[in-house]
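For reference, the structure is listed below as structure tokens.
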Number of protein chains: 2
Amino acid sequence: MAASSTLPVVVPALLLLLASAFAPATAASPSKRPTHQPLLFPVGLAPLHQKQWSGRYATAAVTASAAAATDNGTANPFTAHYFLQELDHFTFTPNSSHVFSQKYLLNDTFWRRKPTAGPLFVYTGNEGEIEWFTTNTGFMFDIAPEFGALLVFIEHRFYGESMPFGDGPYSSPDTLGYLTSTQALADFAVLITSLKQNLSAVDAPVVVFGGSYGGMLAAWFRLKYPHVAMGAVASSAPILQFDDITPWSSFYDAVSQDFKSESPNCFSVIKAVWDVLDDRGFNHTGLLELSKTFRACKTVQSADSLSNWLWNAFTYTAMVDYPTPANFMMNLPAYPVKEMCKIIDSFPAGADVVDKAFAAASLYYNYTGDQKCFQVEGDDDPHDLDGWGWQACTEMVMPMTVSNESMFPPDSFNYENMSEDCLLYYGVRPRMHWITTEYGGHKIDKVLKKFGSNIIFSNGMRDPWSRGGVLKNISSSIIALVTEKGAHHLDLRSATKDDPDWVVEQRRQEVEIIRGWIDQYNKDIEQMWQ
Amino acid sequence: MAASSTLPVVVPALLLLLASAFAPATAASPSKRPTHQPLLFPVGLAPLHQKQWSGRYATAAVTASAAAATDNGTANPFTAHYFLQELDHFTFTPNSSHVFSQKYLLNDTFWRRKPTAGPLFVYTGNEGEIEWFTTNTGFMFDIAPEFGALLVFIEHRFYGESMPFGDGPYSSPDTLGYLTSTQALADFAVLITSLKQNLSAVDAPVVVFGGSYGGMLAAWFRLKYPHVAMGAVASSAPILQFDDITPWSSFYDAVSQDFKSESPNCFSVIKAVWDVLDDRGFNHTGLLELSKTFRACKTVQSADSLSNWLWNAFTYTAMVDYPTPANFMMNLPAYPVKEMCKIIDSFPAGADVVDKAFAAASLYYNYTGDQKCFQVEGDDDPHDLDGWGWQACTEMVMPMTVSNESMFPPDSFNYENMSEDCLLYYGVRPRMHWITTEYGGHKIDKVLKKFGSNIIFSNGMRDPWSRGGVLKNISSSIIALVTEKGAHHLDLRSATKDDPDWVVEQRRQEVEIIRGWIDQYNKDIEQMWQ
């Protein structure tokens with residue numbers, strides 16, 4: 001395959017900074033919320049007026065259907081509440097005092113109120129409906145009883161129901177301009193502080209939890225608001241995926257490595273499919289043929305859509321390569337990468353690579369077998385880009401390239417092009433280096449060696465986002481818990497009877513560390529009253 | 001004296017959160033900058049349309065003339081530079097990318113560039129022209145040679161020349177809304193990061209320095225941006241003067257204590273003067289008489305103005321009760337509180353208390369003897385309130401009361417009244433508890449015991465602001481350096497031949513601690529390259 005600059009390369013959800021909040025275009029159930037139609041915005045070089053989007057720095061959407069599922073099938077009850085939040089914490093302009101209802105969920109089943117109030121375990125919501133994260137963070141429910149913890153899940157502004165200007169879609173910087181991570185962190189601080197006062201629990205310790213972008217927020221929250229949260233569990237939080245801290249090709253190299261480790265043949269088949277698709281999809285006849293092969297509900301308009309569809313399947317499957325059956329992104333069996341590769345390897349050697357790749361991808365999109373055809377090309381409503389797409393085009397600039405060694409078509413990254421695309425699409429230019437200016441990241445081991453405390457960075461190395469995470473202990477209380485076989489915030493999921501020992505052990509360590517934080521905190525508070 | 005609610009009590013500059021940036025109304029030289037006319041906004045209950053201002057939470061202005069002086073009379077050269085700064089770091093609204101020129105001063109005389117770059121010593125500018133702080137922070141110049149340090153003094157947005165919307169005055173939340181401490185800290189982060197890149201000194205350590213509000217900013221900057229500054233010297237920084245962390249009456253109790261400690265008679269005379277002024281100034285004849293006694297350039301309209309004038313003299317003199325002659329607020333002799341009390345005590349016992357108080361206050365306003373009359377009532381232009389007055393009415397809510405035990409007329413503080421006043425005057429309501437939500441403060445010893453490092457909180461107990469400062473070590477590297485006889489950020493002033501041993505020792509300790517930070521930092525950096 002030729003150099004990326006000449007290719008209509010599909011670099012789809014990759015960019016979708018945080019795939020955790022992403023559901024691909026096809027197999028989605030009907031969304032209850034119009035702003036959460038699942039969408040893909042693939043296609044590197046396709047014109048933006050076609051409502052496609054240059055994948056490297058695009059985009060995410062959450063299916064409401066996913067929010068309905070729980071991660072181990074059991075019901076984890078919560079009640080919904082709303083907090084009047086100010087629009088802009090950092091100015092006093094006339095708009096700043098506009099208020100909106102920020103949603104949060106509570107579960108006080110396990111909360112110990114006496115003799116001293118049990119901790120608040122707070123999920124710092126990321127880019128999607130809070131129910132979705134709540135039902136996929138069973139770990140918090142699992143450990144709440146032994147800590148006597150109150151569970152709080154706060155929805156991130158501009159997602160779910162927490163829409164500052166009423167029901168969307170929003171498409172203008174006038175409204176979306178207030179969707180930033182710093183405002184979200186301040187929302188959390190204000191809400192938690194107010195909640196503790198209302199509960200007469202100002203002295204109760206607060207531990208924040210988050211996965212993916214939510215994990216980044218949890219870690220940053222502990223660093224920026226140590227007086228509000230005394231500890232943070234940041235799972236699969238790629239806080240080092242910015243600037244040049246992590247090599248730009250590492251994400252797709254990691255995806256590729258996941259497949260190669262299961263089967264070199266599987267890797268080679270996938271690596272070969274992209275050129276074939278490009279060749280065959282060059283004219284209408286070819287696209288018709290391919291549409292049949294891919295069981296597309298409608299004839300596809302571009303081979304890029306097919307590449308993108310495959311690309312997402314492989315990438316997300318690597319992310320959610322869990323050791324047990326799970327339904328986070330999609331309903332999938334245990335170790336789905338291995339299963340995909342089994343499918344590819346089961347074909348006769350001479351079979352068509354496109355057939356092989358399609359069959360493998362079908363595991364992702366149709367494991368349950370209920371899809372009669374696939375919506376290969378996404379929804380037409382560009383406003384579904386609201387949310388993560390906006391964040392990726394403003395603050396969350398995570399440069400990614402695709403190396404020659406990966407199983408994907410090579411691709412480069414260019415700040416100027418990205419900036420122009422964002423200006424065209426959203427009317428805004430990214431602040432390319434803002435995240436590292438605001439939160440740091442460069443030389444993090446030196447900076448935090450004697451600054452900060454009580455953070456767990458957990459990662460599983462099967463998850464390509466792990467490469468942008470903190471993988472080594474920074475100090476005695478800023479700890480990296482890494483598992484070789486874990487995937488995207490696996491540790492935050494509910495325990496199941498089939499969990500392998502290494503994830504049981506990872507969660508046990510987390511509980512032990514959190515208990516250490518809380519014991520120390522309570523000792524300090526006791527001293528205060530003596 | 002009756003309860004404060006019935007009194008037109010003058011509680012003047014007290015409120016002016018940070019008197020360091022305050023110059024009273026009278027003895028000022030002509031300002032070069034129209035926005036820097038010295039002004040007082042006294043008078044508790046006077047109608048706001050009279051362009052007076054409820055003192056408890058008002059206001060500060062800096063004289064340009066002060067900026068021309070240096071704190072030990074020697075020239076400390078610097079060059080002026082301008083940085084294009086974005087208006088709003090925390091949103092991407094259309095206004096956010098508006099840029100303005102932020103002024104900063106450089107002195108590279110002492111900067112060592114090889115073999116490794118010497119540190120950057122950065123002053124985090126507070127509420128006034130940056131030249132004024134630069135020339136009153138001789139300590140940085142004094143210690144730069146031994147550290148091979150580059151000196152940088154950054155002007156705070158909306159002060160001096162760093163006016164985002166061109167020359168003021170500004171009076172509307174549309175413009176002033178962007179004047180917040182969080183934006184100012186982000187300005188510092190962006191500017192320092194950019195400057196280091198431009199100087200090819202990204203690995204050079206940065207230590208921030210600040211006094212008063214600038215000291216608060218320095219401490220908060222280290223806490224929020226540890227990846228930008230590896231240490232902070234926060235002198236006379238009352239970061240605990242918020243909410244109910246510090247008793248509300250402590251500031252004026254401390255002022256009173258300064259006078260009482262010099263002479264109980266002095267304290268009693270001042271305590272007695274307020275009722276007398278109120279009684280005599282009740283009618284026009286009385287005001288005429290008093291205007292003569294006070295050598296007012298114009299007949300005063302209200303006894304409050306006279307009370308306010310005295311109040312400021314006593315309060316600011318307590319703040320700048322330096323052990324050597326100095327010209328920070330005003331030209332004053334060494335230990336000016338003692339000198340004031342000597343004046344009062346030198347009167348015959350039966351002399352008029354007003355005469356005594358006036359004579360004492362004249363030390364403050366006219367030590368050099370060149371004032372023929374006094375501008376007791378301030379400038380009429382309400383727009384001079386821009387700046388600190390705005391900050392005090394938005395974020396910087398430092399409740400203060402005056403106790404019965406103080407030498408001032410008792411006064412209370414009421415959040416609701418303040419909020420209404422701010423709404424009337426600025427069209428904005430304060431966020432009463434925002435500072436502690438954003439920066440903490442409650443239980444700071446517990447919160448920072450194992451979080452954060454490399455901060456010096458220095459205070460002198462003669463300075464009434466010391467009561468809201470950090471007066472005890474929090475950890476082995478968050479250190480409180482307290483002197484019994486020091487005044488408002490005395491340690492940041494140039495060394496003089498007459499400095500008492502205790503301030504020499506305080507500065508020596510600071511140098512030793514800073515050297516420890518930098519040595520450790522350089523070791524860490526060296527390891528990185530090994």
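Ligands are numbered from 1 in the order shown, chains are lettered A, B, ... in the order of the structure tokens, and residues start at 1 in each chain.
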
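If you count only C-alpha atoms and ignore residues fewer than 6 places along the chain from Val504 of chain B, what sits within 12 Å of it is Phe139, Pro323, Thr483, Gly486, Leu490, Asp491, Leu492, Arg493, Ser494, Ala495, Thr496, Lys497, Asp498, Glu510 and Val511 of chain B.
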
Chain A residues within 7 Å of chain B, counting only C-alpha atoms: which ones, as a PyMOL selection string? chain A and resi 90-94+173-174+177-178+180+182-183+189-190+224+226-227+437+440+446-447+450-453+524

Just-selected residues, N, CA and C atoms written as a PDB file, in the first residue's frame:
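Output file out25.pdb is given in full below:
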ATOM      1  N   PHE A  90     -14.916  29.603  35.219  1.00  0.00           N
ATOM      2  CA  PHE A  90     -13.637  30.312  35.148  1.00  0.00           C
ATOM      3  C   PHE A  90     -13.739  31.725  34.589  1.00  0.00           C
ATOM      4  N   THR A  91     -14.953  32.165  34.322  1.00  0.00           N
ATOM      5  CA  THR A  91     -15.156  33.582  34.032  1.00  0.00           C
ATOM      6  C   THR A  91     -16.408  34.040  34.787  1.00  0.00           C
ATOM      7  N   PHE A  92     -16.604  35.354  34.780  1.00  0.00           N
ATOM      8  CA  PHE A  92     -17.831  35.944  35.314  1.00  0.00           C
ATOM      9  C   PHE A  92     -18.524  36.740  34.213  1.00  0.00           C
ATOM     10  N   THR A  93     -18.388  36.302  32.988  1.00  0.00           N
ATOM     11  CA  THR A  93     -19.106  36.933  31.890  1.00  0.00           C
ATOM     12  C   THR A  93     -20.602  36.673  32.068  1.00  0.00           C
ATOM     13  N   PRO A  94     -21.427  37.440  31.363  1.00  0.00           N
ATOM     14  CA  PRO A  94     -22.873  37.279  31.579  1.00  0.00           C
ATOM     15  C   PRO A  94     -23.357  35.833  31.381  1.00  0.00           C
ATOM     16  N   PRO A 173     -19.637  26.760  18.303  1.00  0.00           N
ATOM     17  CA  PRO A 173     -18.772  27.102  19.430  1.00  0.00           C
ATOM     18  C   PRO A 173     -19.481  27.933  20.511  1.00  0.00           C
ATOM     19  N   ASP A 174     -20.571  28.609  20.138  1.00  0.00           N
ATOM     20  CA  ASP A 174     -21.316  29.369  21.148  1.00  0.00           C
ATOM     21  C   ASP A 174     -21.818  28.474  22.266  1.00  0.00           C
ATOM     22  N   GLY A 177     -18.621  25.411  22.998  1.00  0.00           N
ATOM     23  CA  GLY A 177     -17.416  26.028  23.554  1.00  0.00           C
ATOM     24  C   GLY A 177     -17.235  25.757  25.040  1.00  0.00           C
ATOM     25  N   TYR A 178     -18.338  25.497  25.720  1.00  0.00           N
ATOM     26  CA  TYR A 178     -18.260  25.243  27.160  1.00  0.00           C
ATOM     27  C   TYR A 178     -18.004  23.777  27.493  1.00  0.00           C
ATOM     28  N   THR A 180     -15.434  21.481  27.920  1.00  0.00           N
ATOM     29  CA  THR A 180     -13.991  21.278  28.090  1.00  0.00           C
ATOM     30  C   THR A 180     -13.753  20.436  29.345  1.00  0.00           C
ATOM     31  N   THR A 182     -11.595  20.967  31.697  1.00  0.00           N
ATOM     32  CA  THR A 182     -11.397  21.766  32.908  1.00  0.00           C
ATOM     33  C   THR A 182     -12.733  22.153  33.537  1.00  0.00           C
ATOM     34  N   GLN A 183     -13.696  22.497  32.684  1.00  0.00           N
ATOM     35  CA  GLN A 183     -15.030  22.803  33.221  1.00  0.00           C
ATOM     36  C   GLN A 183     -15.630  21.552  33.846  1.00  0.00           C
ATOM     37  N   ALA A 189     -15.978  19.020  41.196  1.00  0.00           N
ATOM     38  CA  ALA A 189     -15.572  19.604  42.491  1.00  0.00           C
ATOM     39  C   ALA A 189     -16.750  20.291  43.168  1.00  0.00           C
ATOM     40  N   VAL A 190     -17.472  21.067  42.393  1.00  0.00           N
ATOM     41  CA  VAL A 190     -18.598  21.813  42.964  1.00  0.00           C
ATOM     42  C   VAL A 190     -19.691  20.850  43.423  1.00  0.00           C
ATOM     43  N   LYS A 224      -5.599  17.966  40.590  1.00  0.00           N
ATOM     44  CA  LYS A 224      -6.027  19.372  40.647  1.00  0.00           C
ATOM     45  C   LYS A 224      -6.887  19.675  41.877  1.00  0.00           C
ATOM     46  N   PRO A 226      -6.957  17.957  45.173  1.00  0.00           N
ATOM     47  CA  PRO A 226      -6.615  17.009  46.245  1.00  0.00           C
ATOM     48  C   PRO A 226      -7.442  17.241  47.508  1.00  0.00           C
ATOM     49  N   HIS A 227      -7.984  18.454  47.634  1.00  0.00           N
ATOM     50  CA  HIS A 227      -8.805  18.771  48.800  1.00  0.00           C
ATOM     51  C   HIS A 227     -10.221  18.232  48.663  1.00  0.00           C
ATOM     52  N   THR A 437       0.042  21.433  28.828  1.00  0.00           N
ATOM     53  CA  THR A 437       0.263  22.674  29.582  1.00  0.00           C
ATOM     54  C   THR A 437      -0.601  22.679  30.844  1.00  0.00           C
ATOM     55  N   GLY A 440       0.106  18.569  32.450  1.00  0.00           N
ATOM     56  CA  GLY A 440       1.418  17.935  32.444  1.00  0.00           C
ATOM     57  C   GLY A 440       1.405  16.637  31.652  1.00  0.00           C
ATOM     58  N   LYS A 446       9.367  12.340  36.944  1.00  0.00           N
ATOM     59  CA  LYS A 446      10.131  13.323  37.728  1.00  0.00           C
ATOM     60  C   LYS A 446       9.185  14.292  38.427  1.00  0.00           C
ATOM     61  N   VAL A 447       8.190  14.755  37.685  1.00  0.00           N
ATOM     62  CA  VAL A 447       7.310  15.797  38.222  1.00  0.00           C
ATOM     63  C   VAL A 447       6.526  15.293  39.434  1.00  0.00           C
ATOM     64  N   LYS A 450       7.831  13.485  43.776  1.00  0.00           N
ATOM     65  CA  LYS A 450       7.648  14.034  45.121  1.00  0.00           C
ATOM     66  C   LYS A 450       6.487  15.016  45.162  1.00  0.00           C
ATOM     67  N   PHE A 451       5.519  14.776  44.309  1.00  0.00           N
ATOM     68  CA  PHE A 451       4.336  15.641  44.292  1.00  0.00           C
ATOM     69  C   PHE A 451       3.136  14.757  44.023  1.00  0.00           C
ATOM     70  N   GLY A 452       2.124  14.938  44.820  1.00  0.00           N
ATOM     71  CA  GLY A 452       0.934  14.130  44.604  1.00  0.00           C
ATOM     72  C   GLY A 452       1.040  12.788  45.273  1.00  0.00           C
ATOM     73  N   SER A 453      -0.091  12.115  45.383  1.00  0.00           N
ATOM     74  CA  SER A 453      -0.134  10.811  46.042  1.00  0.00           C
ATOM     75  C   SER A 453      -1.483  10.176  45.768  1.00  0.00           C
ATOM     76  N   ASP A 524      -5.966  10.572  60.248  1.00  0.00           N
ATOM     77  CA  ASP A 524      -5.709  12.017  60.236  1.00  0.00           C
ATOM     78  C   ASP A 524      -6.903  12.796  60.776  1.00  0.00           C
TER      79      ASP A 524
END

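Compared by their closest atoms to Thr116 of chain A, and using only C-alpha atoms, the residues A:Thr135, A:Ala144, A:Met432, A:Ala149 rank with A:Ala149 nearest.
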
Enumerate, as number ranges by chain, the complete set of residues in segment 202-400 of chain B that a backbone-based DSSP assignment places in alpha helix (DSSP H). B: 213-224, 250-262, 264-280, 284-293, 303-319, 336-346, 353-366, 388-392

Please produce a file of those selected residues containing C-alpha atoms, as a tab-separated table (two decimals), in the first residue's frame.
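Writing done, so here's result-v1.tsv:
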chain	number	residue	atom	x	y	z
B	213	TYR	CA	-2.13	38.05	46.31
B	214	GLY	CA	0.91	37.30	44.16
B	215	GLY	CA	2.02	34.90	46.89
B	216	MET	CA	-1.36	33.20	46.82
B	217	LEU	CA	-0.94	32.83	43.08
B	218	ALA	CA	2.56	31.42	43.51
B	219	ALA	CA	1.40	28.79	45.99
B	220	TRP	CA	-1.65	27.87	43.93
B	221	PHE	CA	0.48	27.75	40.81
B	222	ARG	CA	2.82	25.21	42.37
B	223	LEU	CA	-0.19	23.16	43.45
B	224	LYS	CA	-2.02	23.33	40.12
B	250	SER	CA	-8.35	38.24	63.16
B	251	PHE	CA	-7.14	40.79	60.65
B	252	TYR	CA	-8.21	43.87	62.64
B	253	ASP	CA	-7.37	42.24	65.91
B	254	ALA	CA	-3.86	41.87	64.55
B	255	VAL	CA	-3.66	45.50	63.45
B	256	SER	CA	-4.86	46.52	66.88
B	257	GLN	CA	-2.37	44.24	68.57
B	258	ASP	CA	0.46	45.89	66.64
B	259	PHE	CA	-0.47	49.25	68.13
B	260	LYS	CA	-1.27	47.93	71.59
B	261	SER	CA	2.10	46.20	71.74
B	262	GLU	CA	3.85	49.52	71.17
B	264	PRO	CA	-1.57	50.78	75.36
B	265	ASN	CA	-2.25	54.51	75.38
B	266	CYS	CA	-1.79	54.68	71.61
B	267	PHE	CA	-4.30	51.86	71.18
B	268	SER	CA	-6.79	53.59	73.47
B	269	VAL	CA	-6.52	56.93	71.74
B	270	ILE	CA	-7.19	55.36	68.35
B	271	LYS	CA	-10.03	53.31	69.76
B	272	ALA	CA	-11.61	56.50	71.10
B	273	VAL	CA	-11.36	58.60	67.98
B	274	TRP	CA	-14.13	57.03	65.86
B	275	ASP	CA	-17.06	58.04	68.05
B	276	VAL	CA	-15.69	61.52	68.41
B	277	LEU	CA	-15.41	61.90	64.65
B	278	ASP	CA	-18.95	60.64	64.17
B	279	ASP	CA	-20.28	63.06	66.76
B	280	ARG	CA	-18.44	66.11	65.48
B	284	HIS	CA	-21.87	70.88	58.22
B	285	THR	CA	-20.21	73.07	60.85
B	286	GLY	CA	-18.56	70.06	62.36
B	287	LEU	CA	-17.33	68.89	58.98
B	288	LEU	CA	-15.89	72.33	58.23
B	289	GLU	CA	-14.02	72.26	61.50
B	290	LEU	CA	-12.77	68.74	61.00
B	291	SER	CA	-11.69	69.53	57.44
B	292	LYS	CA	-9.43	72.19	58.86
B	293	THR	CA	-8.05	69.89	61.52
B	303	ALA	CA	-17.15	62.10	58.63
B	304	ASP	CA	-16.81	58.64	57.13
B	305	SER	CA	-14.16	59.95	54.80
B	306	LEU	CA	-12.10	61.08	57.73
B	307	SER	CA	-12.56	57.80	59.59
B	308	ASN	CA	-11.62	55.99	56.45
B	309	TRP	CA	-8.55	58.12	55.97
B	310	LEU	CA	-7.36	57.36	59.49
B	311	TRP	CA	-8.36	53.72	59.23
B	312	ASN	CA	-6.24	53.22	56.16
B	313	ALA	CA	-3.26	54.95	57.69
B	314	PHE	CA	-3.29	52.68	60.74
B	315	THR	CA	-4.02	49.50	58.78
B	316	TYR	CA	-1.44	50.00	56.06
B	317	THR	CA	1.15	51.13	58.54
B	318	ALA	CA	0.64	47.89	60.43
B	319	MET	CA	1.08	45.96	57.20
B	336	PRO	CA	6.43	53.12	61.66
B	337	VAL	CA	3.84	51.80	64.13
B	338	LYS	CA	6.21	52.57	66.94
B	339	GLU	CA	6.78	56.04	65.45
B	340	MET	CA	3.03	56.67	65.19
B	341	CYS	CA	2.54	55.69	68.77
B	342	LYS	CA	5.43	57.91	69.83
B	343	ILE	CA	3.60	60.81	68.19
B	344	ILE	CA	0.39	60.01	70.03
B	345	ASP	CA	2.13	59.44	73.32
B	346	SER	CA	4.02	62.72	73.02
B	353	VAL	CA	-7.97	62.63	70.47
B	354	VAL	CA	-8.67	63.86	66.96
B	355	ASP	CA	-5.53	65.94	66.97
B	356	LYS	CA	-3.57	62.96	68.19
B	357	ALA	CA	-4.98	60.59	65.63
B	358	PHE	CA	-4.47	63.08	62.82
B	359	ALA	CA	-0.88	63.67	63.81
B	360	ALA	CA	-0.22	59.93	63.86
B	361	ALA	CA	-1.86	59.38	60.49
B	362	SER	CA	0.17	62.21	59.04
B	363	LEU	CA	3.24	60.10	59.55
B	364	TYR	CA	1.83	57.71	57.00
B	365	TYR	CA	0.60	60.28	54.52
B	366	ASN	CA	3.28	62.88	54.89
B	388	TRP	CA	-9.14	44.31	42.54
B	389	GLY	CA	-12.57	45.65	43.36
B	390	TRP	CA	-13.95	43.34	40.71
B	391	GLN	CA	-11.93	40.41	41.98
B	392	ALA	CA	-13.11	41.03	45.54

Check segment 103-300 of chain A with DSSP on the backbone and list each residue it calls strand (DSSP E or B), as a ChimeraX atom specification. /A:103-107,120-124,150-154,164,166,206-211,231-235,296

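Near Pro145 of chain A, within 12 Å and counting only C-alpha atoms, sit Asn107, Asp108, Thr109, Phe110, Trp111, Arg112, Gly118, Pro119, Phe121, Phe139, Met140, Phe141, Asp142, Ile143, Phe147, Gly148, Ala149, Leu150, Leu151 and Val511 of chain A; same-chain residues fewer than 2 positions away were not included.
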